[in-house]
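Containing PDB, C-alpha atoms, pLDDT in the B column: protein20.pdb.
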ATOM      1  CA  MET A  90       0.439 -49.230   5.339  1.00 49.00           C
ATOM      2  CA  SER A  91      -1.641 -46.809   7.278  1.00 45.00           C
ATOM      3  CA  GLN A  92      -4.037 -44.685   5.275  1.00 44.00           C
ATOM      4  CA  GLY A  93      -6.330 -42.870   7.647  1.00 44.00           C
ATOM      5  CA  SER A  94      -7.854 -45.671   9.677  1.00 43.00           C
ATOM      6  CA  GLN A  95      -7.116 -48.308   7.021  1.00 53.00           C
ATOM      7  CA  THR A  96      -4.132 -50.602   7.553  1.00 66.00           C
ATOM      8  CA  VAL A  97      -2.909 -52.952   4.831  1.00 74.00           C
ATOM      9  CA  SER A  98      -0.143 -55.535   5.154  1.00 83.00           C
ATOM     10  CA  ARG A  99       3.049 -54.779   3.239  1.00 85.00           C
ATOM     11  CA  GLU A 100       2.555 -57.887   1.121  1.00 90.00           C
ATOM     12  CA  LYS A 101      -0.963 -56.837   0.118  1.00 90.00           C
ATOM     13  CA  PHE A 102       0.204 -53.249  -0.481  1.00 91.00           C
ATOM     14  CA  LEU A 103       3.053 -54.456  -2.690  1.00 94.00           C
ATOM     15  CA  THR A 104       0.717 -56.772  -4.621  1.00 95.00           C
ATOM     16  CA  MET A 105      -1.699 -53.875  -5.267  1.00 94.00           C
ATOM     17  CA  SER A 106       1.189 -51.636  -6.315  1.00 96.00           C
ATOM     18  CA  VAL A 107       2.642 -54.171  -8.747  1.00 97.00           C
ATOM     19  CA  ASN A 108      -0.796 -54.762 -10.275  1.00 96.00           C
ATOM     20  CA  LEU A 109      -1.397 -51.021 -10.703  1.00 96.00           C
ATOM     21  CA  LEU A 110       1.987 -50.510 -12.375  1.00 98.00           C
ATOM     22  CA  TYR A 111       1.379 -53.488 -14.653  1.00 97.00           C
ATOM     23  CA  LYS A 112      -1.998 -52.135 -15.741  1.00 96.00           C
ATOM     24  CA  ALA A 113      -0.743 -48.564 -16.207  1.00 96.00           C
ATOM     25  CA  PHE A 114       2.385 -49.306 -18.214  1.00 97.00           C
ATOM     26  CA  LEU A 115       2.446 -52.871 -19.520  1.00 96.00           C
ATOM     27  CA  GLU A 116      -1.199 -53.746 -20.137  1.00 95.00           C
ATOM     28  CA  SER A 117      -2.498 -50.354 -21.292  1.00 93.00           C
ATOM     29  CA  ARG A 118      -2.129 -48.918 -24.780  1.00 95.00           C
ATOM     30  CA  ARG A 119       1.367 -47.689 -25.550  1.00 95.00           C
ATOM     31  CA  THR A 120       0.211 -44.118 -26.274  1.00 96.00           C
ATOM     32  CA  GLU A 121      -1.482 -43.831 -22.862  1.00 96.00           C
ATOM     33  CA  ALA A 122       1.478 -45.345 -21.016  1.00 97.00           C
ATOM     34  CA  LYS A 123       3.892 -43.111 -22.909  1.00 97.00           C
ATOM     35  CA  GLN A 124       1.929 -39.998 -21.907  1.00 97.00           C
ATOM     36  CA  VAL A 125       2.114 -40.974 -18.225  1.00 97.00           C
ATOM     37  CA  PHE A 126       5.857 -41.556 -18.689  1.00 98.00           C
ATOM     38  CA  ARG A 127       6.298 -38.103 -20.264  1.00 98.00           C
ATOM     39  CA  ASP A 128       4.423 -36.462 -17.395  1.00 98.00           C
ATOM     40  CA  MET A 129       6.589 -38.287 -14.854  1.00 98.00           C
ATOM     41  CA  LEU A 130       9.737 -37.396 -16.782  1.00 97.00           C
ATOM     42  CA  ALA A 131       8.672 -33.747 -16.456  1.00 97.00           C
ATOM     43  CA  GLY A 132       8.600 -34.176 -12.661  1.00 96.00           C
ATOM     44  CA  LYS A 133       4.866 -34.666 -12.193  1.00 97.00           C
ATOM     45  CA  SER A 134       3.189 -37.140  -9.883  1.00 95.00           C
ATOM     46  CA  VAL A 135       0.469 -38.736 -12.023  1.00 97.00           C
ATOM     47  CA  ALA A 136      -2.832 -40.080 -10.654  1.00 95.00           C
ATOM     48  CA  LEU A 137      -3.268 -43.767 -11.527  1.00 95.00           C
ATOM     49  CA  THR A 138      -6.562 -44.742  -9.929  1.00 93.00           C
ATOM     50  CA  ASN A 139      -8.647 -44.823  -6.771  1.00 91.00           C
ATOM     51  CA  VAL A 140      -8.623 -48.106  -4.867  1.00 88.00           C
ATOM     52  CA  GLN A 141     -11.499 -49.125  -2.611  1.00 84.00           C
ATOM     53  CA  MET A 142     -10.116 -50.515   0.618  1.00 79.00           C
ATOM     54  CA  GLU A 143     -11.696 -53.197   2.802  1.00 79.00           C
ATOM     55  CA  ASP A 144     -13.356 -50.545   4.972  1.00 80.00           C
ATOM     56  CA  LYS A 145     -14.940 -49.068   1.777  1.00 82.00           C
ATOM     57  CA  SER A 146     -12.761 -45.937   1.915  1.00 81.00           C
ATOM     58  CA  LEU A 147     -11.171 -44.769  -1.343  1.00 86.00           C
ATOM     59  CA  VAL A 148      -7.426 -44.198  -1.574  1.00 89.00           C
ATOM     60  CA  ARG A 149      -5.878 -42.518  -4.599  1.00 92.00           C
ATOM     61  CA  PHE A 150      -2.689 -44.042  -5.993  1.00 95.00           C
ATOM     62  CA  ASP A 151      -0.269 -41.790  -7.875  1.00 96.00           C
ATOM     63  CA  VAL A 152       2.997 -42.656  -9.602  1.00 98.00           C
ATOM     64  CA  ALA A 153       6.187 -40.614  -9.880  1.00 97.00           C
ATOM     65  CA  LEU A 154       9.634 -41.172 -11.358  1.00 98.00           C
ATOM     66  CA  ASP A 155      13.010 -40.257  -9.894  1.00 97.00           C
ATOM     67  CA  HIS A 156      15.456 -40.536 -12.783  1.00 96.00           C
ATOM     68  CA  ASP A 157      18.281 -38.332 -11.467  1.00 95.00           C
ATOM     69  CA  LEU A 158      20.661 -41.308 -11.261  1.00 94.00           C
ATOM     70  CA  TYR A 159      19.754 -42.792 -14.661  1.00 94.00           C
ATOM     71  CA  ARG A 160      22.825 -42.880 -16.854  1.00 88.00           C
ATOM     72  CA  GLY A 161      22.270 -41.711 -20.398  1.00 84.00           C
ATOM     73  CA  LYS A 162      19.127 -40.422 -22.065  1.00 88.00           C
ATOM     74  CA  LEU A 163      16.016 -42.060 -20.676  1.00 94.00           C
ATOM     75  CA  ASN A 164      13.397 -42.954 -23.271  1.00 95.00           C
ATOM     76  CA  PHE A 165      10.094 -44.790 -22.972  1.00 97.00           C
ATOM     77  CA  GLY A 166      11.474 -48.074 -24.337  1.00 95.00           C
ATOM     78  CA  SER A 167      14.273 -48.179 -21.752  1.00 95.00           C
ATOM     79  CA  PHE A 168      11.899 -47.202 -18.956  1.00 97.00           C
ATOM     80  CA  ARG A 169       9.336 -49.825 -19.984  1.00 97.00           C
ATOM     81  CA  ALA A 170      11.992 -52.576 -20.206  1.00 96.00           C
ATOM     82  CA  GLY A 171      13.202 -51.751 -16.694  1.00 97.00           C
ATOM     83  CA  LEU A 172       9.672 -51.605 -15.338  1.00 98.00           C
ATOM     84  CA  ALA A 173       8.718 -54.918 -16.987  1.00 98.00           C
ATOM     85  CA  LEU A 174      11.712 -56.574 -15.325  1.00 98.00           C
ATOM     86  CA  LEU A 175      10.939 -54.945 -11.962  1.00 98.00           C
ATOM     87  CA  VAL A 176       7.283 -56.045 -12.101  1.00 98.00           C
ATOM     88  CA  ALA A 177       8.366 -59.592 -13.033  1.00 98.00           C
ATOM     89  CA  ARG A 178      10.925 -59.795 -10.211  1.00 98.00           C
ATOM     90  CA  LEU A 179       8.487 -58.387  -7.630  1.00 98.00           C
ATOM     91  CA  SER A 180       5.748 -60.753  -8.855  1.00 97.00           C
ATOM     92  CA  ASP A 181       8.106 -63.734  -8.575  1.00 97.00           C
ATOM     93  CA  ALA A 182       9.130 -62.730  -5.046  1.00 96.00           C
ATOM     94  CA  LEU A 183       5.488 -62.349  -3.985  1.00 96.00           C
ATOM     95  CA  ARG A 184       4.403 -65.618  -5.611  1.00 96.00           C
ATOM     96  CA  GLU A 185       7.297 -67.487  -3.975  1.00 96.00           C
ATOM     97  CA  GLN A 186       6.493 -65.768  -0.652  1.00 94.00           C
ATOM     98  CA  ARG A 187      10.093 -64.609  -0.296  1.00 94.00           C
ATOM     99  CA  ASP A 188      10.955 -62.094   2.385  1.00 93.00           C
ATOM    100  CA  ILE A 189      11.407 -58.753   0.652  1.00 94.00           C
ATOM    101  CA  THR A 190      13.656 -56.307   2.449  1.00 92.00           C
ATOM    102  CA  VAL A 191      11.912 -52.983   2.987  1.00 92.00           C
ATOM    103  CA  PHE A 192      13.922 -49.858   3.702  1.00 93.00           C
ATOM    104  CA  THR A 193      11.933 -47.203   5.562  1.00 91.00           C
ATOM    105  CA  ALA A 194      12.575 -43.533   6.214  1.00 89.00           C
ATOM    106  CA  GLU A 195      13.650 -42.643   9.735  1.00 89.00           C
ATOM    107  CA  HIS A 196      10.945 -40.002  10.090  1.00 85.00           C
ATOM    108  CA  ASP A 197       8.058 -42.126   8.735  1.00 85.00           C
ATOM    109  CA  PRO A 198       7.833 -45.919   8.346  1.00 84.00           C
ATOM    110  CA  ASN A 199       5.223 -45.386   5.612  1.00 85.00           C
ATOM    111  CA  VAL A 200       7.912 -43.936   3.319  1.00 91.00           C
ATOM    112  CA  MET A 201       9.766 -46.949   1.950  1.00 93.00           C
ATOM    113  CA  ILE A 202      11.806 -48.594  -0.771  1.00 95.00           C
ATOM    114  CA  PHE A 203      11.316 -52.273  -1.586  1.00 96.00           C
ATOM    115  CA  GLY A 204      14.579 -54.212  -1.845  1.00 95.00           C
ATOM    116  CA  VAL A 205      14.014 -55.832  -5.230  1.00 96.00           C
ATOM    117  CA  THR A 206      16.053 -54.427  -8.110  1.00 95.00           C
ATOM    118  CA  ALA A 207      15.723 -54.509 -11.884  1.00 96.00           C
ATOM    119  CA  VAL A 208      19.019 -54.052 -13.704  1.00 94.00           C
ATOM    120  CA  THR A 209      18.930 -53.319 -17.417  1.00 94.00           C
ATOM    121  CA  TRP A 210      21.668 -52.276 -19.828  1.00 92.00           C
ATOM    122  CA  GLU A 211      21.459 -49.478 -22.375  1.00 88.00           C
ATOM    123  CA  GLU A 212      24.483 -48.755 -24.583  1.00 86.00           C
ATOM    124  CA  GLY A 213      26.796 -50.526 -22.146  1.00 87.00           C
ATOM    125  CA  GLU A 214      25.505 -48.621 -19.105  1.00 88.00           C
ATOM    126  CA  PRO A 215      23.632 -50.392 -16.294  1.00 92.00           C
ATOM    127  CA  SER A 216      20.466 -48.915 -14.815  1.00 94.00           C
ATOM    128  CA  VAL A 217      19.015 -50.066 -11.505  1.00 96.00           C
ATOM    129  CA  MET A 218      15.294 -49.482 -10.921  1.00 97.00           C
ATOM    130  CA  VAL A 219      13.453 -50.000  -7.636  1.00 98.00           C
ATOM    131  CA  LEU A 220       9.955 -49.348  -6.365  1.00 98.00           C
ATOM    132  CA  GLY A 221       9.419 -46.981  -3.488  1.00 97.00           C
ATOM    133  CA  ALA A 222       6.234 -45.646  -1.939  1.00 95.00           C
ATOM    134  CA  ASP A 223       5.020 -42.817   0.223  1.00 93.00           C
ATOM    135  CA  ALA A 224       1.905 -43.989   2.047  1.00 86.00           C
ATOM    136  CA  SER A 225       2.102 -41.474   4.886  1.00 77.00           C
ATOM    137  CA  SER A 226      -1.260 -40.263   6.103  1.00 68.00           C
ATOM    138  CA  THR A 227      -0.225 -36.614   5.677  1.00 67.00           C
ATOM    139  CA  ARG A 228      -0.259 -37.039   1.884  1.00 65.00           C
ATOM    140  CA  GLY A 229      -3.873 -38.174   1.570  1.00 74.00           C
ATOM    141  CA  THR A 230      -2.755 -40.336  -1.352  1.00 89.00           C
ATOM    142  CA  VAL A 231      -0.297 -43.150  -1.915  1.00 93.00           C
ATOM    143  CA  GLU A 232       2.545 -42.205  -4.222  1.00 96.00           C
ATOM    144  CA  LEU A 233       4.366 -45.057  -5.910  1.00 97.00           C
ATOM    145  CA  ARG A 234       7.901 -43.955  -6.739  1.00 97.00           C
ATOM    146  CA  LEU A 235       9.872 -45.623  -9.469  1.00 98.00           C
ATOM    147  CA  GLN A 236      13.487 -44.757  -8.774  1.00 98.00           C
ATOM    148  CA  TYR A 237      16.804 -45.274 -10.458  1.00 97.00           C
ATOM    149  CA  LEU A 238      19.667 -45.964  -8.062  1.00 96.00           C
ATOM    150  CA  ASP A 239      23.389 -45.465  -8.555  1.00 92.00           C
ATOM    151  CA  PRO A 240      24.505 -48.735 -10.208  1.00 89.00           C
ATOM    152  CA  GLU A 241      27.986 -48.409  -8.694  1.00 87.00           C
ATOM    153  CA  GLN A 242      26.653 -49.415  -5.281  1.00 85.00           C
ATOM    154  CA  PHE A 243      25.841 -52.837  -6.770  1.00 72.00           C
ATOM    155  CA  GLN A 244      29.239 -53.520  -8.361  1.00 69.00           C
ATOM    156  CA  ASN A 245      29.941 -56.390  -5.968  1.00 62.00           C
ATOM    157  CA  GLY A 246      27.181 -58.461  -7.566  1.00 53.00           C
ATOM    158  CA  GLU A 247      24.395 -57.549  -5.159  1.00 48.00           C
ATOM    159  CA  ALA A 248      21.911 -57.080  -8.012  1.00 48.00           C
ATOM    160  CA  ASP A 249      21.193 -59.555 -10.790  1.00 50.00           C
ATOM    161  CA  ALA A 250      21.893 -58.122 -14.225  1.00 46.00           C
ATOM    162  CA  ALA A 251      19.640 -58.844 -17.165  1.00 46.00           C
ATOM    163  CA  PRO A 252      20.617 -57.292 -20.499  1.00 43.00           C
ATOM    164  CA  ALA A 253      17.626 -55.605 -22.145  1.00 42.00           C
TER     165      ALA A 253
END

Just give me the structure as structure tokens.
Amino acid sequence: MSQGSQTVSREKFLTMSVNLLYKAFLESRRTEAKQVFRDMLAGKSVALTNVQMEDKSLVRFDVALDHDLYRGKLNFGSFRAGLALLVARLSDALREQRDITVFTAEHDPNVMIFGVTAVTWEEGEPSVMVLGADASSTRGTVELRLQYLDPEQFQNGEADAAPA
């Protein structure tokens, strides 16, 4: 990930991202996490923290939510369950040093989606959450993007389902 003159390996970037999401939504107080969720639900990109890089530069990490493809009414409990599963699956993949497929935008390799899914079920409807990121130098920040994908593209068993 290029951020100015700072370059970070994808593995290290993903580890930082997972840790930041864990702290913001799973480790923090519910009221604080719920407020960040509400802001994201309203379409805002929310500042999480500044991270000091190895070259001592500071990089701000934001988080945003793309819930256009979520089926049903998204509430904090459903979001948190999906995020907890996504963080667990990403953590397992990192710990086991598995190759994680990364899909990048044609116009900028620093705009990406990580190929680990979290499938949860709410009232009989599946939801598929993934983590994306925009670390392009034109932003000046890193935006972590939690995204819901169309579950129909996984109907052939490409994603593991875990009832919530």

Run the PyMOL selection byres ((chain A and resi 188) around 12) on the file and write out the hits as an NGL selection string. :A and (99-100 or 179 or 181-187 or 189-191 or 203-205)

Reference answer for the PyMOL selection byres ((chain A and resi 157-170) around 12), as a PDB file with C-alpha atoms, in the frame of the given file:
ATOM      1  CA  LEU A 110       1.987 -50.510 -12.375  1.00 98.00           C
ATOM      2  CA  TYR A 111       1.379 -53.488 -14.653  1.00 97.00           C
ATOM      3  CA  ALA A 113      -0.743 -48.564 -16.207  1.00 96.00           C
ATOM      4  CA  PHE A 114       2.385 -49.306 -18.214  1.00 97.00           C
ATOM      5  CA  LEU A 115       2.446 -52.871 -19.520  1.00 96.00           C
ATOM      6  CA  GLU A 116      -1.199 -53.746 -20.137  1.00 95.00           C
ATOM      7  CA  SER A 117      -2.498 -50.354 -21.292  1.00 93.00           C
ATOM      8  CA  ARG A 119       1.367 -47.689 -25.550  1.00 95.00           C
ATOM      9  CA  THR A 120       0.211 -44.118 -26.274  1.00 96.00           C
ATOM     10  CA  GLU A 121      -1.482 -43.831 -22.862  1.00 96.00           C
ATOM     11  CA  ALA A 122       1.478 -45.345 -21.016  1.00 97.00           C
ATOM     12  CA  LYS A 123       3.892 -43.111 -22.909  1.00 97.00           C
ATOM     13  CA  GLN A 124       1.929 -39.998 -21.907  1.00 97.00           C
ATOM     14  CA  VAL A 125       2.114 -40.974 -18.225  1.00 97.00           C
ATOM     15  CA  PHE A 126       5.857 -41.556 -18.689  1.00 98.00           C
ATOM     16  CA  ARG A 127       6.298 -38.103 -20.264  1.00 98.00           C
ATOM     17  CA  ASP A 128       4.423 -36.462 -17.395  1.00 98.00           C
ATOM     18  CA  MET A 129       6.589 -38.287 -14.854  1.00 98.00           C
ATOM     19  CA  LEU A 130       9.737 -37.396 -16.782  1.00 97.00           C
ATOM     20  CA  ALA A 131       8.672 -33.747 -16.456  1.00 97.00           C
ATOM     21  CA  GLY A 132       8.600 -34.176 -12.661  1.00 96.00           C
ATOM     22  CA  LEU A 154       9.634 -41.172 -11.358  1.00 98.00           C
ATOM     23  CA  ASP A 155      13.010 -40.257  -9.894  1.00 97.00           C
ATOM     24  CA  HIS A 156      15.456 -40.536 -12.783  1.00 96.00           C
ATOM     25  CA  GLY A 171      13.202 -51.751 -16.694  1.00 97.00           C
ATOM     26  CA  LEU A 172       9.672 -51.605 -15.338  1.00 98.00           C
ATOM     27  CA  ALA A 173       8.718 -54.918 -16.987  1.00 98.00           C
ATOM     28  CA  LEU A 174      11.712 -56.574 -15.325  1.00 98.00           C
ATOM     29  CA  LEU A 175      10.939 -54.945 -11.962  1.00 98.00           C
ATOM     30  CA  VAL A 176       7.283 -56.045 -12.101  1.00 98.00           C
ATOM     31  CA  ALA A 177       8.366 -59.592 -13.033  1.00 98.00           C
ATOM     32  CA  ALA A 207      15.723 -54.509 -11.884  1.00 96.00           C
ATOM     33  CA  VAL A 208      19.019 -54.052 -13.704  1.00 94.00           C
ATOM     34  CA  THR A 209      18.930 -53.319 -17.417  1.00 94.00           C
ATOM     35  CA  TRP A 210      21.668 -52.276 -19.828  1.00 92.00           C
ATOM     36  CA  GLU A 211      21.459 -49.478 -22.375  1.00 88.00           C
ATOM     37  CA  GLU A 212      24.483 -48.755 -24.583  1.00 86.00           C
ATOM     38  CA  GLY A 213      26.796 -50.526 -22.146  1.00 87.00           C
ATOM     39  CA  GLU A 214      25.505 -48.621 -19.105  1.00 88.00           C
ATOM     40  CA  PRO A 215      23.632 -50.392 -16.294  1.00 92.00           C
ATOM     41  CA  SER A 216      20.466 -48.915 -14.815  1.00 94.00           C
ATOM     42  CA  VAL A 217      19.015 -50.066 -11.505  1.00 96.00           C
ATOM     43  CA  MET A 218      15.294 -49.482 -10.921  1.00 97.00           C
ATOM     44  CA  VAL A 219      13.453 -50.000  -7.636  1.00 98.00           C
ATOM     45  CA  LEU A 235       9.872 -45.623  -9.469  1.00 98.00           C
ATOM     46  CA  GLN A 236      13.487 -44.757  -8.774  1.00 98.00           C
ATOM     47  CA  TYR A 237      16.804 -45.274 -10.458  1.00 97.00           C
ATOM     48  CA  LEU A 238      19.667 -45.964  -8.062  1.00 96.00           C
ATOM     49  CA  ASP A 239      23.389 -45.465  -8.555  1.00 92.00           C
ATOM     50  CA  PRO A 240      24.505 -48.735 -10.208  1.00 89.00           C
ATOM     51  CA  GLU A 241      27.986 -48.409  -8.694  1.00 87.00           C
ATOM     52  CA  GLN A 242      26.653 -49.415  -5.281  1.00 85.00           C
ATOM     53  CA  ALA A 251      19.640 -58.844 -17.165  1.00 46.00           C
ATOM     54  CA  PRO A 252      20.617 -57.292 -20.499  1.00 43.00           C
ATOM     55  CA  ALA A 253      17.626 -55.605 -22.145  1.00 42.00           C
TER      56      ALA A 253
END

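Note that atom CA of A:Ser98 and atom CA of A:Met201 are 13.5 Å apart.
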
Counting only C-alpha atoms, figure out which residue out of A:Met105, A:Leu233, A:Ile202, A:Leu147 gets nearest to A:Ser134. A:Leu233

For A:Asp151, list every protein, DNA or RNA residue within 8 Å, evaluated using all atoms listed in the file, and leave out those in the same chain fewer than 6 positions away; present the list as a list of chain:residue names.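 What passes the distance filter is A:Ser134, A:Val135, A:Ala136, A:Leu137, A:Thr138, A:Thr230, A:Val231, A:Glu232, A:Leu233.
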
Computed interatomic separation between atom CA of A:Ala224 and atom CA of A:Pro198 (Å):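 Separation between atom CA of A:Ala224 and atom CA of A:Pro198: 8.9 Å.
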
Point out the residue among A:Lys101, A:Lys133, A:Gly229, A:Val200 with the least atom-to-atom distance to A:Phe150, counting only C-alpha atoms.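 Of A:Lys101, A:Lys133, A:Gly229, A:Val200, the one nearest A:Phe150 is A:Gly229, counting only C-alpha atoms.
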
Students should find that atom CA of A:Phe192 and atom CA of A:Met142 are spaced 24.2 Å

Which residue out of A:Ser180, A:Thr193, A:Asn108, A:Ser225 has the minimum interatomic distance to A:Val140 when only C-alpha atoms are used? A:Asn108

Return the padded bounding box of stretch 95-110 of chain A as lines of an AutoDock Vina configuration file: axis-aligned, built from all atoms listed in the file, 5 Å added on each side, with centre and edge lengths in Å to one decimal.
center_x = -2.0
center_y = -53.1
center_z = -2.4
size_x = 20.2
size_y = 19.6
size_z = 29.9
